[in-house]
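Colleague: Next up is a structure, given as structure tokens.
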Amino acid sequence: MNSKRKQPLNWKLYCIMDNSRATAYQSARIAERMFKNGADVIQLRYKNMPSYELIRIAKKINAIARKYGKKVLINDRADVTRAVGCAGIHLGSADMSPRTVKRLLGKPRAIVGKTVHSISEAKKYANEPVDYLSAGPIFRTPIKKNLSPHGPGFVTRIKKSTLSAFPVVAIGGINERNVRSVLKGGADGVCVTRSARRAEKITEKISEYFSQEKK
């Protein structure tokens, strides 16, 4: 097992734009508000969207991300990631292997993230070229109705099992009321599929937590 920690990403708030029917202009406005309200990275998870349309939207959002010094990742689409020049890609539990994706992207420094729903999954990727894990669901969420929530301690168990090989972003039902318990559980950051307004509220709570930790 690789005991060396992966690339330090230092992401506190990770936002997902999910299956949007918004126009490229509307999507760009939403993304800009998320970046202004504290998002460090946005993942575009637009399932079944034609490549040409996703590329058009991703180009606009990627340009905004660069303006703010932030990152954009594409869910499961190496072709779009490479065409747009985004920072990297996020892979679900049933997607291609990280090694295959790294070869397809042709960029050794491209960021590759991986979703895990169990300790055994996390351990499996400890020697893969993965830069971070998205672990959950932490709490119950309508997006993953078929999965039982693991609770905030899930991140702690993953870090112990992988010898902290990865930054771990917690996902699933996280909001401004419970984010503190998730961070106390050892998460490096939290991931939400929410509005720009919710991003602002969660960012405030994250900032409060880390300010208190430094005292």
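Identifiers for the structure tokens are assigned positionally: chains receive A, B, ... in sequence, residues are indexed from 1 per chain, and ligands are indexed from 1 in the order shown.
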Check the DSSP output for the backbone and give back, as a tab-separated table (two decimals) with N, CA and C atoms, in the first residue's frame, the residues of region 26-140 of chain A in strand (DSSP E or B).

Modeller:
```tsv
chain	number	residue	atom	x	y	z
A	41	VAL	N	-13.80	23.89	-6.07
A	41	VAL	CA	-13.83	23.08	-7.29
A	41	VAL	C	-15.28	22.77	-7.62
A	42	ILE	N	-15.58	22.69	-8.91
A	42	ILE	CA	-16.90	22.29	-9.36
A	42	ILE	C	-16.74	21.09	-10.28
A	43	GLN	N	-17.55	20.08	-10.00
A	43	GLN	CA	-17.61	18.91	-10.88
A	43	GLN	C	-18.88	19.03	-11.74
A	44	LEU	N	-18.71	18.87	-13.04
A	44	LEU	CA	-19.85	18.87	-13.95
A	44	LEU	C	-20.30	17.43	-14.17
A	45	ARG	N	-21.43	17.10	-13.58
A	45	ARG	CA	-21.96	15.73	-13.67
A	45	ARG	C	-23.24	15.76	-14.51
A	71	LYS	N	-10.88	25.17	-9.76
A	71	LYS	CA	-10.77	24.02	-10.64
A	71	LYS	C	-12.13	23.54	-11.13
A	72	VAL	N	-12.12	22.91	-12.31
A	72	VAL	CA	-13.31	22.25	-12.86
A	72	VAL	C	-12.93	20.80	-13.19
A	73	LEU	N	-13.77	19.88	-12.77
A	73	LEU	CA	-13.61	18.47	-13.10
A	73	LEU	C	-14.84	18.02	-13.90
A	74	ILE	N	-14.64	17.05	-14.76
A	74	ILE	CA	-15.74	16.47	-15.53
A	74	ILE	C	-16.01	15.07	-15.02
A	75	ASN	N	-17.26	14.73	-14.85
A	75	ASN	CA	-17.62	13.40	-14.41
A	75	ASN	C	-17.54	12.40	-15.55
A	88	GLY	N	-9.20	18.03	-14.39
A	88	GLY	CA	-9.22	16.59	-14.24
A	88	GLY	C	-10.59	16.00	-14.37
A	89	ILE	N	-10.73	14.79	-13.84
A	89	ILE	CA	-11.92	13.99	-14.05
A	89	ILE	C	-12.31	13.31	-12.74
A	90	HIS	N	-13.62	13.07	-12.58
A	90	HIS	CA	-14.09	12.29	-11.43
A	90	HIS	C	-14.72	11.01	-11.94
A	91	LEU	N	-14.37	9.91	-11.31
A	91	LEU	CA	-14.85	8.59	-11.72
A	91	LEU	C	-15.76	8.00	-10.65
A	111	ILE	N	-5.84	15.71	-12.51
A	111	ILE	CA	-6.43	15.24	-11.26
A	111	ILE	C	-7.46	14.14	-11.56
A	112	VAL	N	-7.35	13.05	-10.83
A	112	VAL	CA	-8.32	11.95	-10.96
A	112	VAL	C	-8.91	11.66	-9.58
A	113	GLY	N	-10.23	11.80	-9.47
A	113	GLY	CA	-10.92	11.50	-8.22
A	113	GLY	C	-11.76	10.26	-8.38
A	114	LYS	N	-12.04	9.61	-7.27
A	114	LYS	CA	-12.78	8.35	-7.31
A	114	LYS	C	-13.82	8.30	-6.20
A	115	THR	N	-15.03	7.88	-6.53
A	115	THR	CA	-16.08	7.67	-5.54
A	115	THR	C	-15.91	6.31	-4.89
A	116	VAL	N	-16.03	6.26	-3.56
A	116	VAL	CA	-16.03	4.98	-2.85
A	116	VAL	C	-17.19	4.94	-1.87
A	132	TYR	N	-7.70	11.97	-5.02
A	132	TYR	CA	-8.59	12.15	-3.86
A	132	TYR	C	-9.71	11.14	-3.94
A	133	LEU	N	-10.34	10.89	-2.81
A	133	LEU	CA	-11.53	10.04	-2.76
A	133	LEU	C	-12.73	10.87	-2.35
A	134	SER	N	-13.87	10.55	-2.94
A	134	SER	CA	-15.15	11.10	-2.52
A	134	SER	C	-15.88	9.97	-1.80
A	135	ALA	N	-16.09	10.10	-0.50
A	135	ALA	CA	-16.60	9.00	0.32
A	135	ALA	C	-17.99	9.29	0.87
```

Colleague: Rank nothing, just name the residue among A:Arg29, A:Lys159, A:Lys36, A:Arg109 nearest to Glu200 (chain A), using only C-alpha atoms.

Modeller: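 Using only C-alpha atoms, the shortest distance to Glu200 (chain A) belongs to A:Lys36.
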
Colleague: Tell me, which residues of region 40-192 of chain A carry DSSP helix (DSSP H, G or I), written as a ChimeraX atom specification?

Modeller: /A:51-68,78-84,98-105,119-124,142-144,153-161,179-184

Colleague: Would you work out the distance separating CA of Arg82 (chain A) from CA of Ala65 (chain A), expressed in Å to one decimal?

Modeller: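 These atoms are spaced 16.1 Å apart.
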
Colleague: Pick from A:Lys60, A:Met49, A:Gly185, A:Pro149: nearest to Ile30 (chain A), with only C-alpha atoms counted?

Modeller: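 So, comparing all the options, the nearest one is A:Lys60.
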